[in-house]
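Structure file entry-v5.cif (mmCIF, C-alpha atoms) follows.
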data_coords
loop_
_atom_site.label_atom_id
_atom_site.label_comp_id
_atom_site.auth_asym_id
_atom_site.auth_seq_id
_atom_site.Cartn_x
_atom_site.Cartn_y
_atom_site.Cartn_z
CA MET A 200 4.04 -4.76 -26.86
CA SER A 201 4.26 -4.33 -23.07
CA VAL A 202 1.03 -4.54 -21.13
CA PHE A 203 1.96 -1.23 -19.58
CA SER A 204 1.66 0.42 -22.97
CA ASN A 205 -2.08 0.26 -22.30
CA PHE A 206 -1.92 1.96 -18.93
CA LYS A 207 0.59 3.97 -16.97
CA CYS A 208 2.96 2.12 -14.67
CA THR A 209 4.76 3.85 -11.83
CA MET A 210 7.75 2.05 -10.37
CA MET A 211 9.59 3.08 -7.24
CA LEU A 212 12.61 0.87 -6.67
CA SER A 213 14.43 -0.19 -3.53
CA LEU A 214 12.86 1.78 -0.70
CA GLN A 215 14.79 1.78 2.50
CA THR A 216 13.56 2.55 6.02
CA ARG A 217 14.67 2.36 9.57
CA SER A 218 12.34 1.19 12.32
CA PRO A 219 8.74 0.01 11.72
CA SER A 220 6.52 3.14 11.98
CA PHE A 221 4.93 5.18 9.23
CA SER A 222 1.18 4.57 8.97
CA LEU A 223 0.52 7.77 10.82
CA ILE A 224 0.84 9.59 7.53
CA PHE A 225 -2.64 9.33 6.11
CA SER A 226 -5.07 8.29 8.75
CA PRO A 227 -5.90 11.51 10.59
CA PHE A 228 -7.10 13.61 7.67
CA LYS A 229 -10.57 14.99 8.38
CA HIS A 230 -12.17 13.01 5.59
CA TYR A 231 -10.58 9.78 6.74
CA SER A 232 -13.24 9.05 9.33
CA PRO A 233 -15.63 7.50 6.77
CA LEU A 234 -13.03 4.79 6.22
CA PHE A 235 -14.97 2.19 8.15
CA LYS A 236 -18.42 3.60 7.47
CA SER A 237 -18.43 3.35 3.72
CA LYS A 238 -19.70 0.11 2.20
CA PRO A 239 -18.10 -0.37 -1.21
CA ARG A 240 -19.10 -3.26 -3.45
CA PHE A 241 -16.78 -6.18 -2.80
CA SER A 242 -15.95 -9.10 -5.01
CA THR A 243 -16.84 -12.66 -4.10
CA ILE A 244 -13.27 -13.67 -3.11
CA ARG A 245 -13.23 -13.94 0.70
CA MET A 246 -10.99 -15.03 3.56
CA SER A 247 -11.89 -15.99 7.11
CA SER A 248 -10.81 -13.63 9.89
CA SER A 249 -8.44 -16.28 11.27
CA GLN A 250 -6.54 -16.31 7.97
CA SER A 251 -6.54 -12.59 7.29
CA VAL A 252 -4.69 -9.43 8.24
CA VAL A 253 -5.37 -5.76 7.49
CA GLU A 254 -2.73 -4.19 5.24
CA HIS A 255 -2.18 -0.41 5.33
CA VAL A 256 0.02 1.33 2.74
CA VAL A 257 0.64 5.07 2.59
CA LEU A 258 2.49 7.08 -0.06
CA VAL A 259 3.62 10.64 0.68
CA LYS A 260 5.05 13.51 -1.33
CA VAL A 261 7.16 15.90 0.71
CA LYS A 262 7.10 19.53 -0.39
CA ASP A 263 9.97 20.56 -2.64
CA GLY A 264 12.63 22.49 -0.77
CA THR A 265 11.77 21.07 2.64
CA GLU A 266 14.73 21.14 5.01
CA PRO A 267 16.28 17.66 5.37
CA SER A 268 16.11 17.94 9.14
CA LYS A 269 12.32 18.36 8.99
CA VAL A 270 11.97 15.36 6.70
CA SER A 271 14.08 13.25 9.05
CA ALA A 272 12.00 14.43 11.99
CA MET A 273 8.83 13.39 10.17
CA VAL A 274 10.15 9.90 9.44
CA ASN A 275 11.42 9.51 13.00
CA ALA A 276 8.05 10.59 14.37
CA MET A 277 6.31 8.01 12.24
CA ASN A 278 8.73 5.30 13.23
CA SER A 279 8.18 6.09 16.91
CA LEU A 280 4.59 4.86 16.59
CA ALA A 281 5.51 1.20 16.16
CA SER A 282 4.88 0.62 19.86
CA ILE A 283 1.21 1.61 19.70
CA ASP A 284 -1.07 -1.26 20.69
CA GLY A 285 -2.54 -3.08 17.72
CA VAL A 286 0.34 -2.51 15.32
CA LEU A 287 1.61 -5.91 14.19
CA GLN A 288 4.37 -4.72 11.84
CA LEU A 289 5.35 -1.34 10.48
CA THR A 290 8.11 -0.12 8.21
CA ALA A 291 8.50 3.37 6.76
CA GLY A 292 10.99 5.66 5.08
CA PRO A 293 12.08 7.48 1.95
CA LEU A 294 11.97 6.24 -1.61
CA LEU A 295 15.45 6.00 -3.04
CA ARG A 296 14.23 6.48 -6.61
CA ASN A 297 10.96 7.53 -8.21
CA GLY A 298 9.42 6.34 -11.44
CA PRO A 299 8.92 8.84 -14.27
CA THR A 300 5.26 9.52 -13.53
CA THR A 301 5.21 9.77 -9.75
CA ALA A 302 6.18 12.48 -7.32
CA PHE A 303 5.81 10.49 -4.10
CA THR A 304 8.87 10.55 -1.88
CA HIS A 305 8.06 8.36 1.13
CA MET A 306 6.09 5.24 1.98
CA LEU A 307 4.70 3.35 4.95
CA HIS A 308 3.46 -0.22 5.25
CA SER A 309 1.85 -1.56 8.40
CA ARG A 310 -0.34 -4.46 9.48
CA TYR A 311 -3.20 -4.97 11.94
CA HIS A 312 -5.32 -7.87 13.17
CA SER A 313 -8.53 -6.13 12.15
CA LYS A 314 -10.12 -2.93 10.87
CA ASP A 315 -10.94 -2.04 14.46
CA HIS A 316 -7.25 -2.19 15.36
CA LEU A 317 -6.42 0.08 12.42
CA GLN A 318 -9.16 2.49 13.43
CA ALA A 319 -7.86 2.58 17.01
CA TYR A 320 -4.40 3.34 15.67
CA ASN A 321 -5.76 6.12 13.46
CA VAL A 322 -7.27 7.99 16.40
CA HIS A 323 -4.49 7.29 18.91
CA PRO A 324 -3.23 10.57 20.46
CA SER A 325 0.40 9.79 19.64
CA HIS A 326 -0.52 9.14 16.02
CA LEU A 327 -2.52 12.35 15.72
CA ALA A 328 0.27 14.37 17.35
CA ALA A 329 2.88 12.99 14.97
CA VAL A 330 0.73 13.74 11.94
CA THR A 331 -0.20 17.28 12.89
CA GLY A 332 3.21 18.16 14.29
CA PHE A 333 5.54 16.53 11.77
CA LEU A 334 3.70 15.29 8.68
CA PHE A 335 1.26 18.05 7.77
CA PRO A 336 3.88 20.84 7.81
CA VAL A 337 6.00 19.09 5.14
CA CYS A 338 3.43 17.07 3.17
CA GLU A 339 2.19 18.13 -0.26
CA ASP A 340 0.30 15.01 -1.35
CA ILE A 341 -0.73 11.66 0.12
CA MET A 342 -2.32 8.38 -0.95
CA VAL A 343 -3.57 5.52 1.21
CA VAL A 344 -4.76 2.03 0.34
CA ASP A 345 -6.11 -0.49 2.85
CA TRP A 346 -7.18 -4.06 2.24
CA VAL A 347 -7.84 -7.33 4.01
CA GLY A 348 -5.18 -9.77 2.88
CA ALA A 349 -3.80 -13.17 3.79
CA LYS A 350 -1.60 -13.72 6.82
CA THR A 351 1.99 -14.50 5.89
CA THR A 352 4.81 -16.29 7.65
CA LEU A 353 7.48 -13.93 6.32
CA ASN A 354 7.75 -10.66 8.24
CA PRO A 355 7.39 -7.71 5.82
CA SER A 356 9.40 -5.57 8.23
CA ALA A 357 12.35 -7.95 8.53
CA THR A 358 15.74 -6.56 7.55
CA GLY A 359 16.64 -7.47 3.97
CA SER A 360 13.12 -8.43 2.93
CA GLY A 361 11.96 -7.33 -0.51
CA LEU A 362 8.43 -5.96 -0.85
CA ARG A 363 6.50 -5.31 -4.02
CA VAL A 364 3.29 -3.31 -3.59
CA ARG A 365 1.00 -3.12 -6.59
CA PHE A 366 -2.07 -0.89 -6.96
CA LEU A 367 -4.47 -1.25 -9.90
CA LYS A 368 -7.11 1.21 -11.09
CA LEU A 369 -9.81 -0.54 -13.09
CA LYS A 370 -11.44 1.01 -16.13
CA GLY A 371 -14.96 2.33 -15.69
CA GLY A 372 -17.13 0.21 -17.94
CA GLY A 373 -20.54 1.65 -17.22
CA GLY A 374 -21.80 -1.90 -16.62
CA ASP A 375 -24.14 -3.07 -13.88
CA ASP A 376 -22.95 -4.23 -10.47
CA HIS A 377 -22.75 -7.84 -11.62
CA ASP A 378 -20.38 -6.92 -14.46
CA GLU A 379 -18.19 -4.81 -12.17
CA ILE A 380 -17.92 -7.63 -9.64
CA LYS A 381 -17.07 -10.11 -12.40
CA VAL A 382 -14.22 -7.88 -13.56
CA LYS A 383 -12.91 -7.43 -10.01
CA ASP A 384 -13.02 -11.17 -9.43
CA GLU A 385 -11.13 -11.80 -12.65
CA VAL A 386 -8.43 -9.27 -11.80
CA LEU A 387 -8.10 -10.53 -8.23
CA SER A 388 -7.78 -14.09 -9.49
CA VAL A 389 -4.92 -13.06 -11.76
CA VAL A 390 -3.22 -11.13 -8.96
CA ARG A 391 -3.57 -14.19 -6.74
CA GLY A 392 -1.68 -16.20 -9.34
CA MET A 393 1.34 -13.85 -9.40
CA LYS A 394 3.43 -16.13 -7.18
CA GLU A 395 6.44 -17.09 -9.28
CA GLY A 396 9.51 -16.42 -7.19
CA VAL A 397 7.41 -14.82 -4.46
CA GLY A 398 7.92 -15.89 -0.89
CA GLU A 399 4.36 -14.99 0.08
CA LEU A 400 1.48 -12.90 -1.28
CA SER A 401 -1.26 -10.78 0.28
CA TYR A 402 -3.91 -9.21 -1.95
CA GLY A 403 -7.40 -7.73 -1.81
CA GLU A 404 -9.80 -4.93 -2.60
CA ASN A 405 -9.24 -1.45 -1.16
CA PHE A 406 -11.80 -0.60 1.51
CA SER A 407 -10.80 3.06 2.07
CA PRO A 408 -11.36 4.89 -1.24
CA GLU A 409 -11.20 8.43 0.18
CA ARG A 410 -7.51 8.97 -0.64
CA ALA A 411 -6.76 6.04 -2.94
CA LYS A 412 -7.02 8.14 -6.12
CA GLY A 413 -9.30 5.59 -7.76
CA PHE A 414 -7.06 2.53 -7.20
CA SER A 415 -9.19 -0.37 -6.02
CA ILE A 416 -7.05 -3.53 -6.18
CA ALA A 417 -3.90 -3.99 -4.11
CA SER A 418 -1.30 -6.66 -3.51
CA LEU A 419 1.82 -7.11 -1.40
CA SER A 420 4.46 -9.62 -2.48
CA ILE A 421 7.04 -10.48 0.17
CA PHE A 422 10.39 -11.78 -1.08
CA PRO A 423 13.21 -13.27 1.03
CA GLY A 424 15.54 -10.59 -0.33
CA ARG A 425 16.30 -8.03 -3.01
CA LYS A 426 17.69 -10.62 -5.42
CA GLU A 427 14.43 -12.56 -5.46
CA LEU A 428 12.45 -9.34 -5.76
CA GLU A 429 14.33 -8.15 -8.82
CA SER A 430 14.08 -11.56 -10.50
CA VAL A 431 10.32 -11.21 -11.00
CA ASN A 432 9.09 -9.11 -13.92
CA LEU A 433 7.02 -6.06 -12.96
CA GLU A 434 4.40 -7.03 -15.55
CA GLU A 435 4.03 -10.56 -14.20
CA GLY A 436 0.47 -11.68 -14.92
CA LEU A 437 -0.90 -8.27 -15.84
CA VAL A 438 -1.12 -8.99 -19.56
CA LYS A 439 -4.07 -11.23 -18.72
CA VAL A 440 -6.10 -8.32 -17.34
CA GLY A 441 -4.68 -5.41 -19.31
CA GLU A 442 -8.02 -4.73 -20.97
CA HIS A 443 -9.57 -4.03 -17.56
CA VAL A 444 -6.78 -1.85 -16.10
CA GLU A 445 -6.57 1.90 -16.60
CA ASP A 446 -3.54 2.61 -14.41
CA ALA A 447 -1.03 0.78 -12.23
CA ILE A 448 1.44 1.73 -9.52
CA VAL A 449 4.20 -0.72 -8.61
CA VAL A 450 6.46 -0.08 -5.63
CA ASP A 451 9.57 -2.14 -4.88
CA TYR A 452 10.91 -1.82 -1.36
CA VAL A 453 13.90 -3.34 0.44
CA VAL A 454 13.87 -3.24 4.23
CA PRO A 455 17.30 -2.27 5.59
#
For the structure just supplied, provide its representation as structure tokens.
Amino acid sequence: MSVFSNFKCTMMLSLQTRSPSFSLIFSPFKHYSPLFKSKPRFSTIRMSSSQSVVEHVVLVKVKDGTEPSKVSAMVNAMNSLASIDGVLQLTAGPLLRNGPTTAFTHMLHSRYHSKDHLQAYNVHPSHLAAVTGFLFPVCEDIMVVDWVGAKTTLNPSATGSGLRVRFLKLKGGGGDDHDEIKVKDEVLSVVRGMKEGVGELSYGENFSPERAKGFSIASLSIFPGRKELESVNLEEGLVKVGEHVEDAIVVDYVVP
């Protein structure tokens, strides 16, 4: 029996985008400011700042019936923000196909040297203007996940690269903090081992729970191309932690 028979799996295949700019989508919401004030419980797996990078992934659902020209304007506005200081890499655009249990239509992935750089980007006037002027008018739902992951040599915004983003929602066990941390460490260790056929891997614990819909573990697998991406099973490694996982979202993305 598939491990996903125990929890829902959402798969969005082969995203395509244009230029690197889409993180504007979730940051400026009023309740986003606590992003760097909250102090969630973190597992014991750590990386030094010299080896790490801040990953920022945003999923968006555009309102049904929105004029195509307005959707294009939104994506273009997001992509125009790639030049903001502090943005290392950014790629954004529409999903070509949705899984059976998701309604999201667009996605953004971007990277920053630190949380401070991400915060500066969030409050940048150009970012706020793009969100209020182009995103909010067409957006029905959003989701954002941020984590501190490992630096990679492969550029996740390079043309032809294959990206697999995986979000995991852990089951609530009612245990004490020690038990919760043990479970997170176990799941993160398994995620860390999902490297077969992967060019490089970045993973970590979400530090901005406000719009993450309960998903707390995230990973980004960067493949040299679509062929390598599709050669790796979506359920790779998850059977080992299925008992701890309530829900999973898997997003496959190919940068044009």
Here is a test: counting only C-alpha atoms, which residue of A:Ser388, A:Ser407, A:Asn278, A:Ser271 is nearest to Thr290 of chain A?
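Of all the options, A:Asn278 lies closest to Thr290 of chain A.
Here atom CA of Val337 of chain A and atom CA of Val261 of chain A stand 5.6 Å from one another.
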For the structure shown, which residues end up in the PyMOL selection byres ((chain A and resi 252) around 9)? Put them as number ranges by chain, please?
A: 248-251, 253-254, 310-314, 346-351, 401
Given only C-alpha atoms as the counted atoms, nearest of A:Asp284, A:Val440, A:Pro355, A:Pro293 to Val322 of chain A:
A:Asp284
Could you write out as an mmCIF file with C-alpha atoms, keeping the file's coordinate frame the residues that the PyMOL selection byres ((chain A and resi 423) around 6) matches in the shown file?
data_model
loop_
_atom_site.group_PDB
_atom_site.id
_atom_site.type_symbol
_atom_site.label_atom_id
_atom_site.label_comp_id
_atom_site.auth_asym_id
_atom_site.auth_seq_id
_atom_site.Cartn_x
_atom_site.Cartn_y
_atom_site.Cartn_z
ATOM 1 C CA SER A 360 13.120 -8.430 2.930
ATOM 2 C CA PHE A 422 10.390 -11.780 -1.080
ATOM 3 C CA GLY A 424 15.540 -10.590 -0.330
#
Between atom CA of Leu419 of chain A and atom CA of Pro336 of chain A, distance in Å (one decimal)
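Distance between the two atoms: 29.5 Å.
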Residues near segment 303-307 of chain A, cut-off 7 Å, all atoms listed in the file, skip fewer than 4 positions along chain, as a ChimeraX atom specification:
/A:221-222,256-261,290-294
Between atom CA of Ser309 of chain A and atom CA of Lys269 of chain A, distance in Å (one decimal):
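Distance between the two atoms: 22.5 Å.
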Could I get segment 402-425 of chain A rebuilt with N, CA and C atoms, written as a PDB file, keeping the file's coordinate frame?
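Generated output (result-v6.pdb):
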ATOM      1  N   TYR A 402      -3.230 -10.030  -0.944  1.00  0.00           N
ATOM      2  CA  TYR A 402      -3.910  -9.210  -1.950  1.00  0.00           C
ATOM      3  C   TYR A 402      -5.363  -9.000  -1.538  1.00  0.00           C
ATOM      4  N   GLY A 403      -6.000  -7.973  -2.118  1.00  0.00           N
ATOM      5  CA  GLY A 403      -7.400  -7.730  -1.810  1.00  0.00           C
ATOM      6  C   GLY A 403      -7.907  -6.455  -2.435  1.00  0.00           C
ATOM      7  N   GLU A 404      -9.135  -6.118  -2.064  1.00  0.00           N
ATOM      8  CA  GLU A 404      -9.800  -4.930  -2.600  1.00  0.00           C
ATOM      9  C   GLU A 404      -9.737  -3.793  -1.583  1.00  0.00           C
ATOM     10  N   ASN A 405      -9.356  -2.612  -2.026  1.00  0.00           N
ATOM     11  CA  ASN A 405      -9.240  -1.450  -1.160  1.00  0.00           C
ATOM     12  C   ASN A 405     -10.584  -1.139  -0.503  1.00  0.00           C
ATOM     13  N   PHE A 406     -10.553  -0.930   0.828  1.00  0.00           N
ATOM     14  CA  PHE A 406     -11.800  -0.600   1.510  1.00  0.00           C
ATOM     15  C   PHE A 406     -11.818   0.841   2.032  1.00  0.00           C
ATOM     16  N   SER A 407     -10.816   1.650   1.663  1.00  0.00           N
ATOM     17  CA  SER A 407     -10.800   3.060   2.070  1.00  0.00           C
ATOM     18  C   SER A 407     -10.538   3.926   0.849  1.00  0.00           C
ATOM     19  N   PRO A 408     -11.550   4.192   0.037  1.00  0.00           N
ATOM     20  CA  PRO A 408     -11.360   4.890  -1.240  1.00  0.00           C
ATOM     21  C   PRO A 408     -11.117   6.385  -1.132  1.00  0.00           C
ATOM     22  N   GLU A 409     -11.237   6.971   0.064  1.00  0.00           N
ATOM     23  CA  GLU A 409     -11.200   8.430   0.180  1.00  0.00           C
ATOM     24  C   GLU A 409      -9.923   9.060  -0.371  1.00  0.00           C
ATOM     25  N   ARG A 410      -8.775   8.395  -0.165  1.00  0.00           N
ATOM     26  CA  ARG A 410      -7.510   8.970  -0.640  1.00  0.00           C
ATOM     27  C   ARG A 410      -6.727   7.982  -1.490  1.00  0.00           C
ATOM     28  N   ALA A 411      -7.429   7.065  -2.129  1.00  0.00           N
ATOM     29  CA  ALA A 411      -6.760   6.040  -2.940  1.00  0.00           C
ATOM     30  C   ALA A 411      -6.642   6.441  -4.403  1.00  0.00           C
ATOM     31  N   LYS A 412      -7.139   7.614  -4.762  1.00  0.00           N
ATOM     32  CA  LYS A 412      -7.020   8.140  -6.120  1.00  0.00           C
ATOM     33  C   LYS A 412      -7.595   7.192  -7.181  1.00  0.00           C
ATOM     34  N   GLY A 413      -8.624   6.459  -6.803  1.00  0.00           N
ATOM     35  CA  GLY A 413      -9.300   5.590  -7.760  1.00  0.00           C
ATOM     36  C   GLY A 413      -8.724   4.186  -7.875  1.00  0.00           C
ATOM     37  N   PHE A 414      -7.651   3.873  -7.154  1.00  0.00           N
ATOM     38  CA  PHE A 414      -7.060   2.530  -7.200  1.00  0.00           C
ATOM     39  C   PHE A 414      -7.839   1.611  -6.260  1.00  0.00           C
ATOM     40  N   SER A 415      -8.284   0.488  -6.784  1.00  0.00           N
ATOM     41  CA  SER A 415      -9.190  -0.370  -6.020  1.00  0.00           C
ATOM     42  C   SER A 415      -8.663  -1.762  -5.714  1.00  0.00           C
ATOM     43  N   ILE A 416      -7.630  -2.203  -6.405  1.00  0.00           N
ATOM     44  CA  ILE A 416      -7.050  -3.530  -6.180  1.00  0.00           C
ATOM     45  C   ILE A 416      -5.612  -3.370  -5.706  1.00  0.00           C
ATOM     46  N   ALA A 417      -5.247  -4.117  -4.665  1.00  0.00           N
ATOM     47  CA  ALA A 417      -3.900  -3.990  -4.110  1.00  0.00           C
ATOM     48  C   ALA A 417      -3.308  -5.360  -3.817  1.00  0.00           C
ATOM     49  N   SER A 418      -1.986  -5.423  -3.889  1.00  0.00           N
ATOM     50  CA  SER A 418      -1.300  -6.660  -3.510  1.00  0.00           C
ATOM     51  C   SER A 418       0.057  -6.335  -2.909  1.00  0.00           C
ATOM     52  N   LEU A 419       0.502  -7.217  -2.030  1.00  0.00           N
ATOM     53  CA  LEU A 419       1.820  -7.110  -1.400  1.00  0.00           C
ATOM     54  C   LEU A 419       2.525  -8.442  -1.569  1.00  0.00           C
ATOM     55  N   SER A 420       3.623  -8.430  -2.316  1.00  0.00           N
ATOM     56  CA  SER A 420       4.460  -9.620  -2.480  1.00  0.00           C
ATOM     57  C   SER A 420       5.663  -9.477  -1.565  1.00  0.00           C
ATOM     58  N   ILE A 421       5.924 -10.499  -0.767  1.00  0.00           N
ATOM     59  CA  ILE A 421       7.040 -10.480   0.170  1.00  0.00           C
ATOM     60  C   ILE A 421       8.094 -11.472  -0.302  1.00  0.00           C
ATOM     61  N   PHE A 422       9.286 -10.967  -0.587  1.00  0.00           N
ATOM     62  CA  PHE A 422      10.390 -11.780  -1.080  1.00  0.00           C
ATOM     63  C   PHE A 422      11.428 -11.959   0.024  1.00  0.00           C
ATOM     64  N   PRO A 423      12.156 -13.067   0.024  1.00  0.00           N
ATOM     65  CA  PRO A 423      13.210 -13.270   1.030  1.00  0.00           C
ATOM     66  C   PRO A 423      14.270 -12.174   0.986  1.00  0.00           C
ATOM     67  N   GLY A 424      14.524 -11.619  -0.207  1.00  0.00           N
ATOM     68  CA  GLY A 424      15.540 -10.590  -0.330  1.00  0.00           C
ATOM     69  C   GLY A 424      15.417  -9.820  -1.632  1.00  0.00           C
ATOM     70  N   ARG A 425      16.335  -8.886  -1.822  1.00  0.00           N
ATOM     71  CA  ARG A 425      16.300  -8.030  -3.010  1.00  0.00           C
ATOM     72  C   ARG A 425      16.522  -8.835  -4.289  1.00  0.00           C
TER      73      ARG A 425
END
